[in-house]
>>> print(open('upload_22.cif').read())   # mmCIF, N, CA and C atoms and all ligand atoms
data_coords
#
loop_
_atom_site.label_atom_id
_atom_site.label_comp_id
_atom_site.auth_asym_id
_atom_site.auth_seq_id
_atom_site.Cartn_x
_atom_site.Cartn_y
_atom_site.Cartn_z
N MET A 1 -87.20 92.89 52.57
CA MET A 1 -87.66 92.36 53.85
C MET A 1 -86.89 91.09 54.20
N SER A 2 -86.60 90.95 55.46
CA SER A 2 -85.90 89.77 55.93
C SER A 2 -86.60 89.24 57.17
N GLY A 3 -86.28 88.01 57.49
CA GLY A 3 -86.82 87.42 58.71
C GLY A 3 -85.69 86.89 59.56
N TYR A 4 -85.95 86.81 60.85
CA TYR A 4 -84.91 86.36 61.76
C TYR A 4 -85.18 84.92 62.18
N CYS A 5 -84.21 84.05 61.98
CA CYS A 5 -84.33 82.68 62.43
C CYS A 5 -83.71 82.57 63.82
N SER A 6 -84.51 82.23 64.79
CA SER A 6 -84.00 82.17 66.17
C SER A 6 -83.13 80.94 66.38
N SER A 7 -83.21 80.00 65.50
CA SER A 7 -82.38 78.80 65.62
C SER A 7 -81.00 79.03 65.01
N CYS A 8 -80.96 79.55 63.79
CA CYS A 8 -79.67 79.85 63.14
C CYS A 8 -79.09 81.16 63.66
N LYS A 9 -79.88 81.97 64.35
CA LYS A 9 -79.47 83.29 64.84
C LYS A 9 -79.03 84.17 63.69
N MET A 10 -79.77 84.11 62.59
CA MET A 10 -79.39 84.91 61.44
C MET A 10 -80.61 85.44 60.72
N MET A 11 -80.36 86.53 59.98
CA MET A 11 -81.41 87.10 59.15
C MET A 11 -81.44 86.35 57.82
N VAL A 12 -82.63 86.04 57.37
CA VAL A 12 -82.80 85.37 56.09
C VAL A 12 -83.67 86.24 55.21
N GLN A 13 -83.23 86.43 53.96
CA GLN A 13 -84.06 87.22 53.06
C GLN A 13 -85.35 86.47 52.77
N GLU A 14 -86.41 87.24 52.69
CA GLU A 14 -87.74 86.65 52.56
C GLU A 14 -87.86 85.72 51.36
N LYS A 15 -87.17 86.07 50.26
CA LYS A 15 -87.31 85.27 49.05
C LYS A 15 -86.75 83.86 49.20
N TYR A 16 -85.93 83.66 50.21
CA TYR A 16 -85.36 82.33 50.41
C TYR A 16 -86.20 81.45 51.32
N LEU A 17 -87.15 82.03 51.98
CA LEU A 17 -87.94 81.24 52.92
C LEU A 17 -88.77 80.21 52.18
N ILE A 18 -88.90 79.04 52.78
CA ILE A 18 -89.73 78.00 52.21
C ILE A 18 -91.00 77.90 53.04
N LYS A 19 -92.11 78.36 52.45
CA LYS A 19 -93.39 78.41 53.17
C LYS A 19 -93.24 79.08 54.54
N GLY A 20 -92.49 80.17 54.54
CA GLY A 20 -92.34 80.92 55.79
C GLY A 20 -91.35 80.33 56.76
N LYS A 21 -90.63 79.32 56.32
CA LYS A 21 -89.68 78.68 57.23
C LYS A 21 -88.25 78.82 56.74
N CYS A 22 -87.33 78.76 57.68
CA CYS A 22 -85.92 78.83 57.37
C CYS A 22 -85.53 77.65 56.48
N PRO A 23 -84.87 77.91 55.34
CA PRO A 23 -84.50 76.81 54.44
C PRO A 23 -83.46 75.89 55.05
N MET A 24 -82.67 76.40 55.96
CA MET A 24 -81.59 75.60 56.56
C MET A 24 -82.11 74.67 57.64
N CYS A 25 -82.89 75.19 58.58
CA CYS A 25 -83.25 74.38 59.74
C CYS A 25 -84.75 74.09 59.80
N GLY A 26 -85.55 74.77 58.97
CA GLY A 26 -86.98 74.48 58.93
C GLY A 26 -87.80 75.14 60.01
N LYS A 27 -87.19 76.04 60.77
CA LYS A 27 -87.93 76.75 61.80
C LYS A 27 -88.76 77.88 61.22
N PRO A 28 -89.98 78.07 61.72
CA PRO A 28 -90.78 79.21 61.25
C PRO A 28 -90.06 80.52 61.54
N ILE A 29 -90.21 81.45 60.62
CA ILE A 29 -89.48 82.72 60.72
C ILE A 29 -90.45 83.88 60.76
N VAL A 30 -90.15 84.83 61.62
CA VAL A 30 -90.96 86.03 61.72
C VAL A 30 -90.35 87.09 60.81
N ILE A 31 -91.16 87.55 59.85
CA ILE A 31 -90.69 88.60 58.96
C ILE A 31 -90.77 89.95 59.66
N GLU A 32 -89.69 90.67 59.61
CA GLU A 32 -89.70 91.99 60.22
C GLU A 32 -88.72 92.89 59.48
N GLN A 33 -88.91 94.16 59.65
CA GLN A 33 -87.99 95.10 59.06
C GLN A 33 -86.63 94.95 59.72
N LEU A 34 -85.61 95.15 58.92
CA LEU A 34 -84.26 95.08 59.47
C LEU A 34 -84.05 96.19 60.48
N LYS A 35 -83.78 95.80 61.71
CA LYS A 35 -83.50 96.86 62.69
C LYS A 35 -82.12 96.71 63.29
N LEU A 36 -81.37 95.74 62.79
CA LEU A 36 -80.02 95.54 63.30
C LEU A 36 -79.01 96.40 62.54
N ALA A 37 -79.47 97.03 61.47
CA ALA A 37 -78.54 97.69 60.55
C ALA A 37 -77.77 98.83 61.19
N LYS A 38 -78.32 99.41 62.23
CA LYS A 38 -77.65 100.58 62.80
C LYS A 38 -76.54 100.22 63.77
N ARG A 39 -76.46 98.98 64.13
CA ARG A 39 -75.38 98.59 65.05
C ARG A 39 -74.03 98.73 64.37
N LYS A 40 -73.01 98.99 65.17
CA LYS A 40 -71.71 99.28 64.59
C LYS A 40 -70.84 98.05 64.42
N THR A 41 -71.24 96.93 64.99
CA THR A 41 -70.41 95.74 64.85
C THR A 41 -70.37 95.30 63.39
N ILE A 42 -69.30 94.63 63.04
CA ILE A 42 -69.13 94.19 61.67
C ILE A 42 -70.14 93.09 61.35
N LYS A 43 -70.79 93.27 60.22
CA LYS A 43 -71.76 92.27 59.80
C LYS A 43 -71.46 91.87 58.36
N TYR A 44 -71.77 90.65 58.05
CA TYR A 44 -71.56 90.17 56.71
C TYR A 44 -72.87 89.78 56.07
N ASP A 45 -72.88 89.86 54.76
CA ASP A 45 -73.92 89.17 53.99
C ASP A 45 -73.22 87.96 53.39
N ILE A 46 -73.81 86.81 53.56
CA ILE A 46 -73.14 85.61 53.06
C ILE A 46 -74.09 84.74 52.24
N LEU A 47 -73.51 84.12 51.25
CA LEU A 47 -74.24 83.14 50.44
C LEU A 47 -73.81 81.76 50.93
N VAL A 48 -74.76 81.01 51.42
CA VAL A 48 -74.46 79.69 51.95
C VAL A 48 -75.03 78.62 51.02
N VAL A 49 -74.18 77.71 50.61
CA VAL A 49 -74.65 76.55 49.85
C VAL A 49 -74.69 75.38 50.83
N TYR A 50 -75.82 74.72 50.87
CA TYR A 50 -75.99 73.65 51.86
C TYR A 50 -76.73 72.49 51.24
N LEU A 51 -76.64 71.35 51.90
CA LEU A 51 -77.36 70.17 51.44
C LEU A 51 -78.72 70.14 52.12
N ASP A 52 -79.76 70.10 51.31
CA ASP A 52 -81.10 70.00 51.87
C ASP A 52 -81.26 68.67 52.59
N LYS A 53 -81.80 68.74 53.81
CA LYS A 53 -81.90 67.53 54.62
C LYS A 53 -82.82 66.48 54.00
N THR A 54 -83.82 66.90 53.28
CA THR A 54 -84.78 65.97 52.71
C THR A 54 -84.35 65.46 51.35
N THR A 55 -84.03 66.39 50.45
CA THR A 55 -83.73 66.00 49.08
C THR A 55 -82.26 65.66 48.87
N LYS A 56 -81.40 66.03 49.83
CA LYS A 56 -79.95 65.82 49.72
C LYS A 56 -79.36 66.55 48.52
N GLN A 57 -80.07 67.55 48.05
CA GLN A 57 -79.54 68.32 46.93
C GLN A 57 -78.98 69.64 47.44
N GLU A 58 -78.06 70.19 46.65
CA GLU A 58 -77.46 71.46 47.05
C GLU A 58 -78.44 72.59 46.83
N CYS A 59 -78.59 73.42 47.84
CA CYS A 59 -79.44 74.60 47.75
C CYS A 59 -78.60 75.77 48.25
N SER A 60 -79.10 76.99 48.02
CA SER A 60 -78.37 78.14 48.52
C SER A 60 -79.31 79.11 49.20
N VAL A 61 -78.76 79.85 50.12
CA VAL A 61 -79.53 80.85 50.85
C VAL A 61 -78.59 82.01 51.15
N THR A 62 -79.12 83.22 51.10
CA THR A 62 -78.33 84.39 51.48
C THR A 62 -78.76 84.86 52.85
N TYR A 63 -77.83 84.91 53.76
CA TYR A 63 -78.08 85.47 55.08
C TYR A 63 -77.54 86.88 55.10
N THR A 64 -78.28 87.77 55.74
CA THR A 64 -77.81 89.15 55.84
C THR A 64 -77.53 89.49 57.30
N ASP A 65 -76.67 90.47 57.49
CA ASP A 65 -76.32 90.96 58.83
C ASP A 65 -75.83 89.84 59.74
N VAL A 66 -74.92 89.07 59.22
CA VAL A 66 -74.36 87.96 59.99
C VAL A 66 -73.14 88.46 60.78
N SER A 67 -73.16 88.25 62.06
CA SER A 67 -72.01 88.66 62.88
C SER A 67 -70.87 87.67 62.70
N ALA A 68 -69.68 88.09 63.11
CA ALA A 68 -68.52 87.20 62.98
C ALA A 68 -68.75 85.91 63.76
N TYR A 69 -69.39 86.03 64.90
CA TYR A 69 -69.67 84.86 65.72
C TYR A 69 -70.59 83.88 64.99
N ASN A 70 -71.65 84.42 64.43
CA ASN A 70 -72.59 83.54 63.74
C ASN A 70 -72.02 83.00 62.43
N TYR A 71 -71.11 83.76 61.85
CA TYR A 71 -70.41 83.28 60.65
C TYR A 71 -69.65 82.00 60.99
N GLN A 72 -68.98 82.03 62.14
CA GLN A 72 -68.25 80.84 62.57
C GLN A 72 -69.21 79.69 62.86
N ARG A 73 -70.34 80.02 63.45
CA ARG A 73 -71.33 78.97 63.76
C ARG A 73 -71.76 78.25 62.49
N ILE A 74 -72.06 79.03 61.46
CA ILE A 74 -72.58 78.39 60.25
C ILE A 74 -71.48 77.66 59.50
N GLU A 75 -70.25 78.14 59.67
CA GLU A 75 -69.13 77.41 59.08
C GLU A 75 -69.06 75.98 59.63
N GLN A 76 -69.48 75.81 60.85
CA GLN A 76 -69.37 74.52 61.51
C GLN A 76 -70.60 73.65 61.33
N ALA A 77 -71.63 74.18 60.70
CA ALA A 77 -72.85 73.40 60.51
C ALA A 77 -72.57 72.21 59.58
N LYS A 78 -73.16 71.08 59.90
CA LYS A 78 -72.82 69.85 59.19
C LYS A 78 -73.21 69.86 57.72
N ASN A 79 -74.34 70.47 57.41
CA ASN A 79 -74.85 70.35 56.05
C ASN A 79 -74.42 71.50 55.15
N VAL A 80 -73.49 72.34 55.63
CA VAL A 80 -73.02 73.46 54.82
C VAL A 80 -71.94 72.99 53.85
N VAL A 81 -72.11 73.34 52.58
CA VAL A 81 -71.15 72.96 51.55
C VAL A 81 -70.11 74.07 51.36
N SER A 82 -70.57 75.30 51.22
CA SER A 82 -69.64 76.41 51.05
C SER A 82 -70.28 77.71 51.51
N ILE A 83 -69.43 78.66 51.86
CA ILE A 83 -69.90 79.98 52.27
C ILE A 83 -69.15 81.03 51.47
N THR A 84 -69.87 81.97 50.89
CA THR A 84 -69.25 83.05 50.13
C THR A 84 -69.66 84.38 50.75
N LYS A 85 -68.67 85.21 51.08
CA LYS A 85 -69.00 86.55 51.57
C LYS A 85 -69.39 87.43 50.39
N LEU A 86 -70.47 88.15 50.56
CA LEU A 86 -70.93 89.04 49.51
C LEU A 86 -70.45 90.46 49.81
N ASN A 87 -70.11 91.17 48.75
CA ASN A 87 -69.68 92.55 48.92
C ASN A 87 -70.81 93.40 49.48
N ARG A 88 -70.45 94.35 50.29
CA ARG A 88 -71.47 95.13 50.92
C ARG A 88 -70.98 96.54 51.25
N GLU A 89 -71.81 97.49 50.92
CA GLU A 89 -71.50 98.86 51.31
C GLU A 89 -71.90 99.04 52.75
N VAL A 90 -71.03 99.68 53.52
CA VAL A 90 -71.36 99.90 54.93
C VAL A 90 -71.72 101.37 55.12
ZN ZN B 1 -82.71 78.55 60.62
#
>>> encode(input="upload_22.cif", output="structure tokens")
Amino acid sequence: MSGYCSSCKMMVQEKYLIKGKCPMCGKPIVIEQLKLAKRKTIKYDILVVYLDKTTKQECSVTYTDVSAYNYQRIEQAKNVVSITKLNREV
């Protein structure tokens, strides 16, 4: 199960949510079944290492079904330390 963060515009796996909120931006997330999977556009699963805004410690989160556009968006986020593309069967 994943949830969609309307602020990051990305899917977040449920296990990464912090009290139901996006670990990156803190916005509440609605858990829903993945329904974007059938689209034909290229999507990535990415592992993002970022600095937590409160603790200033490195944390990681896996986003799924990230479009190329949103991949670029997160690359430009200030608190992102590194991004790793995860292998994925299409
Ligand atoms: Zn978010």
>>> atom_distance(input="upload_22.cif", atom1="atom C of Val49 in chain A", atom2="CA of Val80 in chain A")
4.7 Å
>>> select_by_dssp(input="upload_22.cif", residues="chain A", states="alpha helix (DSSP H)", output="PyMOL selection string")
chain A and resi 68-75
>>> closest_atom_pairs(input="upload_22.cif", of="chain A", to="ligand ZN 1 (chain B)", cutoff="7 Å", atoms="only C-alpha atoms and all ligand atoms", output="tab-separated table")
residue	atom	partner	partner_atom	distance
A:Cys5	CA	B:ZN1	ZN	4.8
A:Ser6	CA	B:ZN1	ZN	6.8
A:Ser7	CA	B:ZN1	ZN	5.0
A:Cys8	CA	B:ZN1	ZN	4.2
A:Cys22	CA	B:ZN1	ZN	4.6
A:Pro23	CA	B:ZN1	ZN	6.7
A:Met24	CA	B:ZN1	ZN	5.1
A:Cys25	CA	B:ZN1	ZN	4.3
A:Gly26	CA	B:ZN1	ZN	6.1
A:Lys27	CA	B:ZN1	ZN	5.6
>>> closest_residue(input="upload_22.cif", among="A:Ala77, A:Cys59, A:Glu14, A:Ile83", to="Ser2 in chain A", atoms="only C-alpha atoms")
A:Glu14
>>> residues_around(input="upload_22.cif", residues="Glu75 in chain A", least_positions_apart="3", cutoff="12 Å", atoms="only C-alpha atoms", output="mmCIF file with N, CA and C atoms, in the coordinates of the input")
data_model
loop_
_atom_site.group_PDB
_atom_site.id
_atom_site.type_symbol
_atom_site.label_atom_id
_atom_site.label_comp_id
_atom_site.auth_asym_id
_atom_site.auth_seq_id
_atom_site.Cartn_x
_atom_site.Cartn_y
_atom_site.Cartn_z
ATOM 1 N N CYS A 8 -80.960 79.550 63.790
ATOM 2 C CA CYS A 8 -79.670 79.850 63.140
ATOM 3 C C CYS A 8 -79.090 81.160 63.660
ATOM 4 N N ILE A 46 -73.810 86.810 53.560
ATOM 5 C CA ILE A 46 -73.140 85.610 53.060
ATOM 6 C C ILE A 46 -74.090 84.740 52.240
ATOM 7 N N LEU A 47 -73.510 84.120 51.250
ATOM 8 C CA LEU A 47 -74.240 83.140 50.440
ATOM 9 C C LEU A 47 -73.810 81.760 50.930
ATOM 10 N N VAL A 48 -74.760 81.010 51.420
ATOM 11 C CA VAL A 48 -74.460 79.690 51.950
ATOM 12 C C VAL A 48 -75.030 78.620 51.020
ATOM 13 N N VAL A 49 -74.180 77.710 50.610
ATOM 14 C CA VAL A 49 -74.650 76.550 49.850
ATOM 15 C C VAL A 49 -74.690 75.380 50.830
ATOM 16 N N TYR A 50 -75.820 74.720 50.870
ATOM 17 C CA TYR A 50 -75.990 73.650 51.860
ATOM 18 C C TYR A 50 -76.730 72.490 51.240
ATOM 19 N N VAL A 66 -74.920 89.070 59.220
ATOM 20 C CA VAL A 66 -74.360 87.960 59.990
ATOM 21 C C VAL A 66 -73.140 88.460 60.780
ATOM 22 N N ALA A 68 -69.680 88.090 63.110
ATOM 23 C CA ALA A 68 -68.520 87.200 62.980
ATOM 24 C C ALA A 68 -68.750 85.910 63.760
ATOM 25 N N TYR A 69 -69.390 86.030 64.900
ATOM 26 C CA TYR A 69 -69.670 84.860 65.720
ATOM 27 C C TYR A 69 -70.590 83.880 64.990
ATOM 28 N N ASN A 70 -71.650 84.420 64.430
ATOM 29 C CA ASN A 70 -72.590 83.540 63.740
ATOM 30 C C ASN A 70 -72.020 83.000 62.430
ATOM 31 N N TYR A 71 -71.110 83.760 61.850
ATOM 32 C CA TYR A 71 -70.410 83.280 60.650
ATOM 33 C C TYR A 71 -69.650 82.000 60.990
ATOM 34 N N GLN A 72 -68.980 82.030 62.140
ATOM 35 C CA GLN A 72 -68.250 80.840 62.570
ATOM 36 C C GLN A 72 -69.210 79.690 62.860
ATOM 37 N N LYS A 78 -73.160 71.080 59.900
ATOM 38 C CA LYS A 78 -72.820 69.850 59.190
ATOM 39 C C LYS A 78 -73.210 69.860 57.720
ATOM 40 N N ASN A 79 -74.340 70.470 57.410
ATOM 41 C CA ASN A 79 -74.850 70.350 56.050
ATOM 42 C C ASN A 79 -74.420 71.500 55.150
ATOM 43 N N VAL A 80 -73.490 72.340 55.630
ATOM 44 C CA VAL A 80 -73.020 73.460 54.820
ATOM 45 C C VAL A 80 -71.940 72.990 53.850
ATOM 46 N N VAL A 81 -72.110 73.340 52.580
ATOM 47 C CA VAL A 81 -71.150 72.960 51.550
ATOM 48 C C VAL A 81 -70.110 74.070 51.360
ATOM 49 N N SER A 82 -70.570 75.300 51.220
ATOM 50 C CA SER A 82 -69.640 76.410 51.050
ATOM 51 C C SER A 82 -70.280 77.710 51.510
ATOM 52 N N ILE A 83 -69.430 78.660 51.860
ATOM 53 C CA ILE A 83 -69.900 79.980 52.270
ATOM 54 C C ILE A 83 -69.150 81.030 51.470
ATOM 55 N N THR A 84 -69.870 81.970 50.890
ATOM 56 C CA THR A 84 -69.250 83.050 50.130
ATOM 57 C C THR A 84 -69.660 84.380 50.750
ATOM 58 N N LYS A 85 -68.670 85.210 51.080
ATOM 59 C CA LYS A 85 -69.000 86.550 51.570
ATOM 60 C C LYS A 85 -69.390 87.430 50.390
#
>>> atom_distance(input="upload_22.cif", atom1="atom C of Leu17 in chain A", atom2="atom C of Ser60 in chain A")
10.0 Å
>>> atom_distance(input="upload_22.cif", atom1="atom N of Met11 in chain A", atom2="atom C of Tyr44 in chain A")
9.1 Å
>>> select_by_dssp(input="upload_22.cif", residues="chain A", states="strand (DSSP E)", output="JSON, numbers by chain")
{"A": [2, 3, 4, 5, 10, 11, 12, 13, 30, 31, 32, 43, 44, 45, 46, 47, 48, 49, 50, 51, 58, 59, 60, 61, 62, 63, 64, 65, 66, 67, 80, 81, 82, 83, 84, 85, 86]}
